[in-house]
Number of protein chains: 2
Amino acid sequence: MAQKADITAAVLVIGDEILSGRTKDANSGYIADYLAAIGVDLREVRVIGDVEPEIVAAVNALRARYDYVFTTGGIGPTHDDITADAIARAFGVGISEDPRAIALLLEKIKPEDLNEARRRMARVPHGAELVENDISKAPGFWIGNVIVMAGVPAIMKAMLDRVGPKLCKGLKVVARAILADNIPEGAYAAGLSDVARANPALSIGSYPSFRDGGFRNEIVVRGKDADQVGAAAVAIEALLASLREGEAGRQRAQMKSRQ
Amino acid sequence: MAQKADITAAVLVIGDEILSGRTKDANSGYIADYLAAIGVDLREVRVIGDVEPEIVAAVNALRARYDYVFTTGGIGPTHDDITADAIARAFGVGISEDPRAIALLLEKIKPEDLNEARRRMARVPHGAELVENDISKAPGFWIGNVIVMAGVPAIMKAMLDRVGPKLCKGLKVVARAILADNIPEGAYAAGLSDVARANPALSIGSYPSFRDGGFRNEIVVRGKDADQVGAAAVAIEALLASLREGEAGRQRAQMKSRQ
């Protein structure tokens, strides 16, 4: 498969339970890691409720903009599972029971237990390919550039594993993390800004975290050219070393002046 | 303060580090819980990168649509902290160093250490109110219906605590969770759909989770009228009891036919 430098993606998390705070979304973080590892750039995540016009609008906005859109949630058998119908509406195609999906369900469900609600899980927009999973057997699907997956994390992961090998991959992002412990952001910000300006193709971020009453700062350099990333990391290490040296010098001078 | 039934909100998480998977966003889940507890309906979450036009577009889309927009991330001293400038652009107002913010920074930073990078943290769009925090002293701000907070969770929480008492509150959502363990979703879906149809003002969801090789289903009823929520919960309990009873009857019949 030909390689494009940038393959972009968005994740659309569908579910009232995330917005109410009751369920904490871990799927988008998992998908972020997964896509980073195969060279697909995640550019946006949205979380919306189980509201059809909202789903239709978000799917259409995102699929026009990114190479792939991954949705999670809303493909089960209950009345609040409206994702499949919303996707069909977004694409302006019909939706009906898919015999391939019924066959999958029958691998897990006895024919006499395949009631109307369970048959809902076999409703697939016309023109979609199924995305199987071995846990529940109820499939997700792939239509256009939109990949529709379950919300239950174990099932979503199983579906992503089926889809992953078929995705177009871009150049992988190489990342280098540099710990700037004990040097405050405000001390290295100007020098870091110079390195960032000299490397417009790289993404250079400074990430403070606060723990045990103090800040821990990490600088991360990301980019698709490993040599460039490495050179920028060396420049940042040198910047931090000179700041540490300057600080040590200041302390020595203070000690001396007290003697 | 007068009470409206629905006060709506969106969260905008700003940061490349979330999209790359390197940092897992916990702020939006925390804000979801916080808002639910005070009767503000979180309707949407977006995560976008450190890209000014993206921030401007998202802020303007969300602030036109919801009563409040909470942003997290991008207000530190380094070159990748561009949120304050993007917000000023979104509102079409100027931005400059705010003497109130400088005064706050000087409570923590020695005057000789207040370099250009650190002064960046005092850049505030014109017309904004400051949102203080005691941890870093670097303030967030509140402009129009947009509340701009730090990305470091401890600081974001401190800022949210300052803002919370000033927010308009709606009627709180009452939630009742009913465990449907051992009853598959497909068995109760039809009955649950009937309860949902009879209660259009309520949000009734069915949430399977998969653990230890089996599903655990929970049904959650949410709404602003506690009596209505309670009555729907009773109806769902009765539905589940009748399904359990039917299953027990079937098992007894099977036992008998084997004797």
# chains A, B, ... in the order shown; residues from 1 in each chain; ligands from 1
call {"tool": "interface_residues", "arguments": {"of": "chain B", "to": "chain A", "cutoff": "6 Å", "atoms": "only C-alpha atoms", "output": "PyMOL selection string"}}
result
chain B and resi 19-21+24+29+32-33+42+44-48+77-80+117-118+152+186+189+193+205+209
call {"tool": "write_last_selection", "arguments": {"atoms": "N, CA and C atoms", "output": "short mmCIF file (atom, residue, chain, number, x, y, z; two decimals), in the first residue's frame"}}
result
data_model
loop_
_atom_site.label_atom_id
_atom_site.label_comp_id
_atom_site.auth_asym_id
_atom_site.auth_seq_id
_atom_site.Cartn_x
_atom_site.Cartn_y
_atom_site.Cartn_z
N LEU B 19 -4.01 13.84 22.03
CA LEU B 19 -4.27 13.19 20.74
C LEU B 19 -3.19 12.17 20.37
N SER B 20 -1.97 12.41 20.85
CA SER B 20 -0.89 11.46 20.55
C SER B 20 -1.00 10.22 21.44
N GLY B 21 -1.88 10.25 22.43
CA GLY B 21 -2.03 9.12 23.34
C GLY B 21 -1.09 9.18 24.53
N LYS B 24 -3.28 10.69 29.04
CA LYS B 24 -4.68 10.29 29.02
C LYS B 24 -5.50 11.38 29.70
N GLY B 29 -13.58 13.87 32.26
CA GLY B 29 -14.38 13.01 33.14
C GLY B 29 -14.63 13.66 34.48
N ALA B 32 -17.16 16.37 33.96
CA ALA B 32 -18.48 15.74 33.77
C ALA B 32 -19.12 15.45 35.13
N ASP B 33 -18.37 14.84 36.04
CA ASP B 33 -18.89 14.55 37.37
C ASP B 33 -19.25 15.83 38.11
N LEU B 42 -23.68 18.41 30.75
CA LEU B 42 -22.58 18.36 29.78
C LEU B 42 -23.10 17.68 28.51
N GLU B 44 -21.34 17.93 25.28
CA GLU B 44 -20.33 17.61 24.26
C GLU B 44 -18.93 17.80 24.84
N VAL B 45 -18.03 16.95 24.40
CA VAL B 45 -16.61 17.11 24.72
C VAL B 45 -15.85 17.07 23.40
N ARG B 46 -14.90 17.97 23.23
CA ARG B 46 -14.01 17.87 22.08
C ARG B 46 -12.58 17.92 22.55
N VAL B 47 -11.74 17.17 21.87
CA VAL B 47 -10.29 17.22 22.10
C VAL B 47 -9.65 17.65 20.79
N ILE B 48 -8.87 18.72 20.83
CA ILE B 48 -8.18 19.18 19.62
C ILE B 48 -6.74 19.50 19.96
N PRO B 77 3.73 28.83 30.22
CA PRO B 77 4.68 29.83 29.74
C PRO B 77 5.41 29.45 28.45
N THR B 78 5.21 28.24 27.93
CA THR B 78 6.03 27.83 26.78
C THR B 78 5.34 28.14 25.45
N HIS B 79 6.14 28.01 24.36
CA HIS B 79 5.67 28.42 23.02
C HIS B 79 4.43 27.68 22.57
N ASP B 80 4.20 26.45 23.11
CA ASP B 80 3.04 25.67 22.68
C ASP B 80 1.78 26.05 23.46
N ALA B 117 8.98 34.78 29.33
CA ALA B 117 8.16 33.57 29.21
C ALA B 117 7.12 33.52 30.32
N ARG B 118 7.55 33.80 31.54
CA ARG B 118 6.59 33.74 32.66
C ARG B 118 5.54 34.83 32.55
N VAL B 152 -3.07 20.94 33.78
CA VAL B 152 -2.59 20.12 34.89
C VAL B 152 -3.78 19.87 35.82
N GLY B 186 -30.43 -8.63 25.37
CA GLY B 186 -31.39 -9.01 24.33
C GLY B 186 -32.69 -9.54 24.92
N ALA B 189 -34.52 -6.10 26.31
CA ALA B 189 -34.52 -4.91 25.44
C ALA B 189 -35.92 -4.46 25.06
N SER B 193 -37.60 -0.97 26.20
CA SER B 193 -38.00 -0.01 25.17
C SER B 193 -39.41 0.52 25.47
N GLY B 205 -30.81 4.12 29.79
CA GLY B 205 -29.74 3.48 29.04
C GLY B 205 -29.43 2.10 29.59
N SER B 209 -21.02 -4.29 30.45
CA SER B 209 -19.56 -4.30 30.53
C SER B 209 -19.14 -5.77 30.53
#
call {"tool": "select_by_dssp", "arguments": {"residues": "stretch 30-249 of chain A", "states": "helix (DSSP H, G or I)", "output": "PyMOL selection string"}}
result
chain A and resi 30-37+52-65+83-91+99-105+111-113+116-120+153-166+185-198+226-249
call {"tool": "residues_around", "arguments": {"residues": "A:Asp85", "least_positions_apart": "2", "cutoff": "9 Å", "atoms": "only C-alpha atoms", "output": "PyMOL selection string"}}
result
chain A and resi 52+81-83+87-90+94-95+123-125
call {"tool": "write_last_selection", "arguments": {"atoms": "all heavy atoms", "output": "short mmCIF file (atom, residue, chain, number, x, y, z; two decimals), in the first residue's frame"}}
result
data_model
loop_
_atom_site.label_atom_id
_atom_site.label_comp_id
_atom_site.auth_asym_id
_atom_site.auth_seq_id
_atom_site.Cartn_x
_atom_site.Cartn_y
_atom_site.Cartn_z
N GLU A 52 -29.86 11.30 17.69
CA GLU A 52 -29.59 11.03 16.28
C GLU A 52 -29.08 12.23 15.49
O GLU A 52 -28.05 12.13 14.81
CB GLU A 52 -30.78 10.38 15.59
CG GLU A 52 -30.37 9.91 14.20
CD GLU A 52 -31.44 9.15 13.44
OE1 GLU A 52 -31.62 7.97 13.75
OE2 GLU A 52 -32.08 9.74 12.54
N ASP A 81 -29.58 2.24 21.54
CA ASP A 81 -28.52 1.94 20.57
C ASP A 81 -28.97 2.40 19.19
O ASP A 81 -29.64 1.67 18.47
CB ASP A 81 -28.22 0.44 20.58
CG ASP A 81 -27.55 0.02 21.88
OD1 ASP A 81 -26.53 0.63 22.23
OD2 ASP A 81 -28.06 -0.89 22.56
N ILE A 82 -28.59 3.63 18.84
CA ILE A 82 -29.13 4.23 17.61
C ILE A 82 -28.03 4.58 16.61
O ILE A 82 -28.28 5.23 15.61
CB ILE A 82 -29.93 5.51 17.94
CG1 ILE A 82 -29.02 6.55 18.63
CG2 ILE A 82 -31.12 5.18 18.84
CD1 ILE A 82 -29.70 7.90 18.82
N THR A 83 -26.81 4.11 16.90
CA THR A 83 -25.70 4.52 16.04
C THR A 83 -25.85 4.04 14.60
O THR A 83 -25.63 4.81 13.64
CB THR A 83 -24.36 4.03 16.63
OG1 THR A 83 -24.17 4.65 17.90
CG2 THR A 83 -23.19 4.40 15.73
N ILE A 87 -25.84 6.45 11.35
CA ILE A 87 -24.80 6.40 10.32
C ILE A 87 -25.44 6.26 8.94
O ILE A 87 -25.02 6.92 7.97
CB ILE A 87 -23.83 5.22 10.59
CG1 ILE A 87 -23.13 5.37 11.94
CG2 ILE A 87 -22.84 5.08 9.43
CD1 ILE A 87 -22.01 6.35 11.98
N ALA A 88 -26.45 5.40 8.85
CA ALA A 88 -27.15 5.24 7.56
C ALA A 88 -27.71 6.59 7.12
O ALA A 88 -27.59 6.99 5.95
CB ALA A 88 -28.26 4.20 7.68
N ARG A 89 -28.31 7.32 8.06
CA ARG A 89 -28.87 8.63 7.72
C ARG A 89 -27.76 9.59 7.29
O ARG A 89 -27.93 10.35 6.34
CB ARG A 89 -29.64 9.17 8.92
CG ARG A 89 -30.27 10.52 8.62
CD ARG A 89 -31.49 10.80 9.46
NE ARG A 89 -32.51 9.78 9.28
CZ ARG A 89 -33.70 9.80 9.87
NH1 ARG A 89 -34.01 10.80 10.68
NH2 ARG A 89 -34.56 8.84 9.67
N ALA A 90 -26.62 9.55 8.01
CA ALA A 90 -25.52 10.45 7.66
C ALA A 90 -25.05 10.20 6.22
O ALA A 90 -24.72 11.14 5.50
CB ALA A 90 -24.35 10.26 8.64
N GLY A 94 -29.89 3.29 2.81
CA GLY A 94 -30.86 2.50 3.57
C GLY A 94 -30.17 1.64 4.61
O GLY A 94 -28.93 1.54 4.65
N ILE A 95 -30.96 1.04 5.47
CA ILE A 95 -30.42 0.13 6.48
C ILE A 95 -31.40 -1.01 6.65
O ILE A 95 -32.62 -0.80 6.65
CB ILE A 95 -30.15 0.87 7.82
CG1 ILE A 95 -29.59 -0.09 8.87
CG2 ILE A 95 -31.41 1.58 8.33
CD1 ILE A 95 -29.04 0.61 10.11
N ARG A 123 -28.71 -5.02 12.08
CA ARG A 123 -29.06 -3.92 11.15
C ARG A 123 -27.77 -3.21 10.72
O ARG A 123 -27.03 -2.70 11.54
CB ARG A 123 -29.98 -2.91 11.84
CG ARG A 123 -31.42 -3.39 11.95
CD ARG A 123 -32.24 -2.46 12.83
NE ARG A 123 -32.40 -1.12 12.28
CZ ARG A 123 -33.21 -0.81 11.29
NH1 ARG A 123 -33.96 -1.73 10.73
NH2 ARG A 123 -33.29 0.43 10.84
N VAL A 124 -27.54 -3.20 9.42
CA VAL A 124 -26.29 -2.64 8.88
C VAL A 124 -26.64 -1.74 7.70
O VAL A 124 -27.44 -2.12 6.85
CB VAL A 124 -25.35 -3.80 8.43
CG1 VAL A 124 -24.10 -3.24 7.77
CG2 VAL A 124 -24.98 -4.69 9.61
N PRO A 125 -26.07 -0.55 7.65
CA PRO A 125 -26.32 0.34 6.51
C PRO A 125 -25.90 -0.33 5.21
O PRO A 125 -24.90 -1.05 5.17
CB PRO A 125 -25.44 1.56 6.81
CG PRO A 125 -25.23 1.54 8.28
CD PRO A 125 -25.19 0.08 8.65
#
call {"tool": "select_by_dssp", "arguments": {"residues": "stretch 30-79 of chain A", "states": "strand (DSSP E)", "output": "CSV table (one decimal) with N, CA and C atoms, in the first residue's frame"}}
result
chain,number,residue,atom,x,y,z
A,41,ASP,N,-2.5,9.8,12.2
A,41,ASP,CA,-2.5,11.0,13.1
A,41,ASP,C,-3.9,11.2,13.6
A,42,LEU,N,-4.1,11.0,14.9
A,42,LEU,CA,-5.4,11.4,15.5
A,42,LEU,C,-5.5,12.9,15.7
A,43,ARG,N,-6.5,13.5,15.0
A,43,ARG,CA,-6.5,15.0,15.0
A,43,ARG,C,-7.6,15.6,15.9
A,44,GLU,N,-8.6,14.7,16.2
A,44,GLU,CA,-9.8,15.3,17.0
A,44,GLU,C,-10.5,14.1,17.6
A,45,VAL,N,-11.1,14.4,18.8
A,45,VAL,CA,-12.0,13.5,19.5
A,45,VAL,C,-13.2,14.2,19.8
A,46,ARG,N,-14.4,13.6,19.6
A,46,ARG,CA,-15.6,14.3,20.1
A,46,ARG,C,-16.4,13.2,20.9
A,47,VAL,N,-17.0,13.7,21.9
A,47,VAL,CA,-18.0,12.9,22.7
A,47,VAL,C,-19.3,13.5,22.6
A,48,ILE,N,-20.3,12.8,22.2
A,48,ILE,CA,-21.7,13.3,22.1
A,48,ILE,C,-22.7,12.3,22.7
A,68,TYR,N,-10.0,9.0,8.3
A,68,TYR,CA,-10.8,7.9,8.9
A,68,TYR,C,-11.6,8.5,10.1
A,69,VAL,N,-12.7,8.0,10.4
A,69,VAL,CA,-13.5,8.3,11.6
A,69,VAL,C,-13.8,7.0,12.3
A,70,PHE,N,-13.5,6.9,13.5
A,70,PHE,CA,-13.8,5.7,14.3
A,70,PHE,C,-14.8,6.1,15.4
A,71,THR,N,-16.0,5.4,15.3
A,71,THR,CA,-17.0,5.7,16.3
A,71,THR,C,-17.0,4.5,17.3
A,72,THR,N,-17.3,4.8,18.6
A,72,THR,CA,-17.5,3.8,19.6
A,72,THR,C,-18.9,4.0,20.3
call {"tool": "closest_residue", "arguments": {"among": "A:Lys137, A:Ile219, A:Phe91, A:Ala122", "to": "A:Glu107", "atoms": "only C-alpha atoms"}}
result
A:Lys137
call {"tool": "decode", "arguments": {"residues": "stretch 104-128 of chain A", "atoms": "N, CA and C atoms", "output": "compact mmCIF listing (two decimals), in the first residue's frame"}}
result
# COMPACT_ATOMS: atom_id res chain seq x y z
N LEU A 104 -23.60 -14.41 11.86
CA LEU A 104 -22.64 -14.26 12.96
C LEU A 104 -23.34 -14.39 14.31
N LEU A 105 -24.49 -13.72 14.45
CA LEU A 105 -25.22 -13.78 15.72
C LEU A 105 -25.60 -15.22 16.05
N LEU A 106 -25.96 -15.99 15.02
CA LEU A 106 -26.40 -17.38 15.25
C LEU A 106 -25.25 -18.29 15.68
N GLU A 107 -24.00 -17.79 15.55
CA GLU A 107 -22.88 -18.57 16.09
C GLU A 107 -22.88 -18.52 17.61
N LYS A 108 -23.58 -17.52 18.16
CA LYS A 108 -23.54 -17.31 19.61
C LYS A 108 -24.93 -17.49 20.24
N ILE A 109 -25.96 -17.17 19.48
CA ILE A 109 -27.32 -17.14 20.01
C ILE A 109 -28.14 -18.28 19.39
N LYS A 110 -28.89 -18.98 20.23
CA LYS A 110 -29.75 -20.06 19.70
C LYS A 110 -30.85 -19.44 18.84
N PRO A 111 -31.25 -20.10 17.75
CA PRO A 111 -32.26 -19.52 16.85
C PRO A 111 -33.51 -19.09 17.60
N GLU A 112 -33.94 -19.86 18.60
CA GLU A 112 -35.19 -19.50 19.31
C GLU A 112 -34.99 -18.28 20.21
N ASP A 113 -33.73 -17.93 20.50
CA ASP A 113 -33.47 -16.74 21.32
C ASP A 113 -33.20 -15.49 20.47
N LEU A 114 -33.19 -15.66 19.16
CA LEU A 114 -32.89 -14.50 18.28
C LEU A 114 -34.17 -13.65 18.11
N ASN A 115 -34.48 -12.93 19.17
CA ASN A 115 -35.71 -12.11 19.16
C ASN A 115 -35.49 -10.80 18.41
N GLU A 116 -36.52 -9.99 18.37
CA GLU A 116 -36.48 -8.74 17.60
C GLU A 116 -35.35 -7.83 18.07
N ALA A 117 -35.19 -7.73 19.40
CA ALA A 117 -34.15 -6.84 19.94
C ALA A 117 -32.77 -7.29 19.48
N ARG A 118 -32.52 -8.59 19.59
CA ARG A 118 -31.19 -9.08 19.18
C ARG A 118 -30.98 -8.92 17.67
N ARG A 119 -32.06 -9.07 16.90
CA ARG A 119 -31.94 -8.88 15.45
C ARG A 119 -31.53 -7.45 15.12
N ARG A 120 -31.87 -6.50 16.01
CA ARG A 120 -31.45 -5.11 15.80
C ARG A 120 -29.92 -5.01 15.62
N MET A 121 -29.20 -5.89 16.31
CA MET A 121 -27.73 -5.85 16.22
C MET A 121 -27.24 -6.28 14.83
N ALA A 122 -28.14 -6.80 14.00
CA ALA A 122 -27.76 -7.18 12.64
C ALA A 122 -28.15 -6.12 11.61
N ARG A 123 -28.71 -5.02 12.08
CA ARG A 123 -29.06 -3.92 11.15
C ARG A 123 -27.77 -3.21 10.72
N VAL A 124 -27.54 -3.20 9.42
CA VAL A 124 -26.29 -2.64 8.88
C VAL A 124 -26.64 -1.74 7.70
N PRO A 125 -26.07 -0.55 7.65
CA PRO A 125 -26.32 0.34 6.51
C PRO A 125 -25.90 -0.33 5.21
N HIS A 126 -26.65 -0.08 4.17
CA HIS A 126 -26.36 -0.70 2.87
C HIS A 126 -25.01 -0.22 2.35
N GLY A 127 -24.22 -1.19 1.88
CA GLY A 127 -22.91 -0.87 1.33
C GLY A 127 -21.78 -0.99 2.34
N ALA A 128 -22.13 -1.29 3.60
CA ALA A 128 -21.08 -1.40 4.63
C ALA A 128 -20.47 -2.80 4.65
